[in-house]
Amino acid sequence: MAKTFFREAKAYAQEPAHKETNLKFEAVKGLFNHQQKLFVHGDQVKQMLVAIDFAKEFGFDVVIVGGSESWLIAPLLKANNIAVILGQQHELPTTEDDDVDQPYKTGAMLQKAGVLFTICQDAGDGFWQQRNLPPARSALLHGVVGLSLKCIWRHAFSSHSP
């Protein structure tokens, strides 16, 4: 269903003129000319593979939001130029079989693979943690090299390629 919508939106975007304006297609027109990024929320590998499929089929600039299992497919993310906004680090691992430190190690693993990433401190429940630096400290302690406050927020929304 989503692919059908985007195929129709792509055809709409390629037309030079329209008899009627389609607001839904107009809203996503920027995805096709790289003026917008598609932010896909997903923590599991299966969800991220769907996002990669979208990026390949439609040529979108995709950013994964969450990405707790992104370390498992880091080379694939790098190969497809997909950035990741990591979610809350101070939480339990995604699955019970994961290392208890995995939420802290994921950033270092993405960095080692060359994947552009950032850390999002807001867990969707408000801005009460905005000035906390524990995520940066945790990332540094678990292997992220050269992390700065600028890195934490700047890259996720930049239009530059990694």
# chains A, B, ... in the order shown; residues from 1 in each chain; ligands from 1
call {"tool": "closest_atom_pairs", "arguments": {"of": "range 47-104 of chain A", "to": "range 1-8 of chain A", "cutoff": "10 Å", "atoms": "only C-alpha atoms", "output": "tab-separated table"}}
result
residue	atom	partner	partner_atom	distance
A:Phe54	CA	A:Lys3	CA	8.0
A:Glu57	CA	A:Lys3	CA	9.2
A:Phe58	CA	A:Phe6	CA	8.0
call {"tool": "write_last_selection", "arguments": {"atoms": "N, CA, C and O atoms", "output": "mmCIF file, in the first residue's frame"}}
result
data_model
loop_
_atom_site.group_PDB
_atom_site.id
_atom_site.type_symbol
_atom_site.label_atom_id
_atom_site.label_comp_id
_atom_site.auth_asym_id
_atom_site.auth_seq_id
_atom_site.Cartn_x
_atom_site.Cartn_y
_atom_site.Cartn_z
ATOM 1 N N PHE A 54 13.044 0.803 0.440
ATOM 2 C CA PHE A 54 12.458 2.060 -0.033
ATOM 3 C C PHE A 54 13.537 2.969 -0.613
ATOM 4 O O PHE A 54 13.342 3.590 -1.657
ATOM 5 N N GLU A 57 14.542 1.499 -4.044
ATOM 6 C CA GLU A 57 13.514 1.580 -5.091
ATOM 7 C C GLU A 57 13.220 3.001 -5.527
ATOM 8 O O GLU A 57 13.054 3.273 -6.707
ATOM 9 N N PHE A 58 13.155 3.929 -4.573
ATOM 10 C CA PHE A 58 12.722 5.287 -4.897
ATOM 11 C C PHE A 58 13.859 6.307 -4.900
ATOM 12 O O PHE A 58 13.657 7.446 -5.291
#
call {"tool": "residues_around", "arguments": {"residues": "range 67-82 of chain A", "least_positions_apart": "4", "cutoff": "10 Å", "atoms": "only C-alpha atoms", "output": "PyMOL selection string"}}
result
chain A and resi 40-49+51-53+55-56+59-63+86-89+93-95+98+102-117+161-162
call {"tool": "write_last_selection", "arguments": {"atoms": "N, CA and C atoms", "output": "compact mmCIF listing (two decimals), in the first residue's frame"}}
result
# COMPACT_ATOMS: atom_id res chain seq x y z
N VAL A 40 12.39 7.11 8.99
CA VAL A 40 11.68 5.87 9.23
C VAL A 40 11.98 5.41 10.66
N HIS A 41 10.94 5.27 11.46
CA HIS A 41 11.10 4.81 12.83
C HIS A 41 11.15 3.28 12.84
N GLY A 42 12.23 2.75 13.38
CA GLY A 42 12.36 1.30 13.46
C GLY A 42 13.55 0.91 14.30
N ASP A 43 13.38 -0.10 15.11
CA ASP A 43 14.46 -0.60 15.94
C ASP A 43 14.94 -1.98 15.48
N GLN A 44 14.07 -2.74 14.88
CA GLN A 44 14.40 -4.11 14.49
C GLN A 44 14.99 -4.15 13.09
N VAL A 45 15.85 -5.13 12.85
CA VAL A 45 16.50 -5.28 11.55
C VAL A 45 15.46 -5.36 10.44
N LYS A 46 14.41 -6.12 10.65
CA LYS A 46 13.36 -6.29 9.64
C LYS A 46 12.78 -4.94 9.20
N GLN A 47 12.54 -4.07 10.16
CA GLN A 47 12.00 -2.74 9.85
C GLN A 47 13.01 -1.90 9.07
N MET A 48 14.27 -2.00 9.44
CA MET A 48 15.30 -1.22 8.76
C MET A 48 15.54 -1.74 7.34
N LEU A 49 15.38 -3.04 7.13
CA LEU A 49 15.52 -3.59 5.78
C LEU A 49 14.43 -3.07 4.85
N ALA A 51 13.15 -0.08 5.13
CA ALA A 51 13.59 1.28 4.83
C ALA A 51 14.67 1.29 3.75
N ILE A 52 15.57 0.33 3.82
CA ILE A 52 16.62 0.21 2.80
C ILE A 52 16.01 -0.10 1.44
N ASP A 53 15.00 -0.96 1.43
CA ASP A 53 14.29 -1.28 0.20
C ASP A 53 13.65 -0.03 -0.41
N ALA A 55 14.66 3.06 0.08
CA ALA A 55 15.75 3.91 -0.39
C ALA A 55 16.24 3.46 -1.76
N LYS A 56 16.35 2.16 -1.94
CA LYS A 56 16.81 1.63 -3.23
C LYS A 56 15.79 1.84 -4.33
N GLY A 59 15.04 5.91 -4.46
CA GLY A 59 16.16 6.84 -4.44
C GLY A 59 16.06 7.88 -3.34
N PHE A 60 15.33 7.58 -2.28
CA PHE A 60 15.15 8.52 -1.18
C PHE A 60 16.41 8.62 -0.32
N ASP A 61 16.56 9.77 0.32
CA ASP A 61 17.53 9.93 1.39
C ASP A 61 16.80 9.49 2.65
N VAL A 62 17.23 8.37 3.23
CA VAL A 62 16.54 7.78 4.38
C VAL A 62 17.38 7.94 5.64
N VAL A 63 16.69 8.22 6.74
CA VAL A 63 17.30 8.28 8.07
C VAL A 63 16.49 7.34 8.96
N LEU A 86 20.06 7.36 16.79
CA LEU A 86 19.91 6.37 17.86
C LEU A 86 18.97 6.90 18.93
N GLY A 87 18.18 6.01 19.46
CA GLY A 87 17.26 6.36 20.53
C GLY A 87 17.94 6.37 21.88
N GLN A 88 17.16 6.37 22.90
CA GLN A 88 17.62 6.41 24.29
C GLN A 88 18.66 5.33 24.56
N GLN A 89 19.80 5.72 25.08
CA GLN A 89 20.85 4.75 25.40
C GLN A 89 20.67 4.14 26.78
N PRO A 93 18.71 -3.59 26.67
CA PRO A 93 18.89 -3.99 25.28
C PRO A 93 17.55 -4.40 24.65
N THR A 94 17.52 -4.41 23.32
CA THR A 94 16.30 -4.72 22.60
C THR A 94 15.82 -6.14 22.87
N THR A 95 16.74 -7.10 22.82
CA THR A 95 16.35 -8.48 23.09
C THR A 95 17.11 -8.99 24.31
N ASP A 98 20.85 -9.88 23.82
CA ASP A 98 21.85 -8.84 23.55
C ASP A 98 22.67 -8.55 24.80
N GLN A 102 24.85 -3.21 25.09
CA GLN A 102 24.64 -2.96 23.66
C GLN A 102 24.10 -1.57 23.34
N PRO A 103 23.14 -1.04 24.10
CA PRO A 103 22.67 0.32 23.77
C PRO A 103 23.79 1.35 23.78
N TYR A 104 24.81 1.14 24.60
CA TYR A 104 25.94 2.06 24.66
C TYR A 104 26.95 1.80 23.56
N LYS A 105 27.08 0.55 23.13
CA LYS A 105 28.08 0.16 22.14
C LYS A 105 27.65 0.42 20.70
N THR A 106 26.37 0.55 20.48
CA THR A 106 25.85 0.67 19.11
C THR A 106 26.48 1.84 18.36
N GLY A 107 26.59 2.98 19.00
CA GLY A 107 27.19 4.14 18.34
C GLY A 107 28.61 3.88 17.87
N ALA A 108 29.41 3.24 18.72
CA ALA A 108 30.80 2.93 18.36
C ALA A 108 30.84 1.95 17.18
N MET A 109 29.93 1.01 17.17
CA MET A 109 29.90 0.02 16.09
C MET A 109 29.50 0.68 14.77
N LEU A 110 28.55 1.61 14.83
CA LEU A 110 28.15 2.34 13.62
C LEU A 110 29.30 3.22 13.13
N GLN A 111 29.95 3.90 14.07
CA GLN A 111 31.07 4.76 13.71
C GLN A 111 32.18 3.95 13.05
N LYS A 112 32.50 2.80 13.60
CA LYS A 112 33.55 1.95 13.05
C LYS A 112 33.21 1.50 11.62
N ALA A 113 31.93 1.29 11.36
CA ALA A 113 31.48 0.88 10.02
C ALA A 113 31.36 2.06 9.06
N GLY A 114 31.49 3.28 9.58
CA GLY A 114 31.40 4.46 8.72
C GLY A 114 29.98 4.97 8.51
N VAL A 115 29.06 4.54 9.37
CA VAL A 115 27.66 4.98 9.27
C VAL A 115 27.51 6.32 9.98
N LEU A 116 26.88 7.27 9.33
CA LEU A 116 26.59 8.55 9.94
C LEU A 116 25.50 8.35 10.98
N PHE A 117 25.74 8.79 12.21
CA PHE A 117 24.74 8.60 13.26
C PHE A 117 24.74 9.79 14.20
N SER A 161 26.33 14.44 2.53
CA SER A 161 26.53 12.99 2.56
C SER A 161 27.67 12.68 3.52
N PRO A 162 27.66 11.48 4.11
CA PRO A 162 28.76 11.11 5.02
C PRO A 162 30.07 10.96 4.29
call {"tool": "atom_distance", "arguments": {"atom1": "CA of Lys37 in chain A", "atom2": "CA of Lys10 in chain A"}}
result
14.8 Å
call {"tool": "atom_distance", "arguments": {"atom1": "CA of Lys29 in chain A", "atom2": "CA of Ile119 in chain A"}}
result
28.1 Å
call {"tool": "atom_distance", "arguments": {"atom1": "CA of Val84 in chain A", "atom2": "CA of Phe39 in chain A"}}
result
9.3 Å
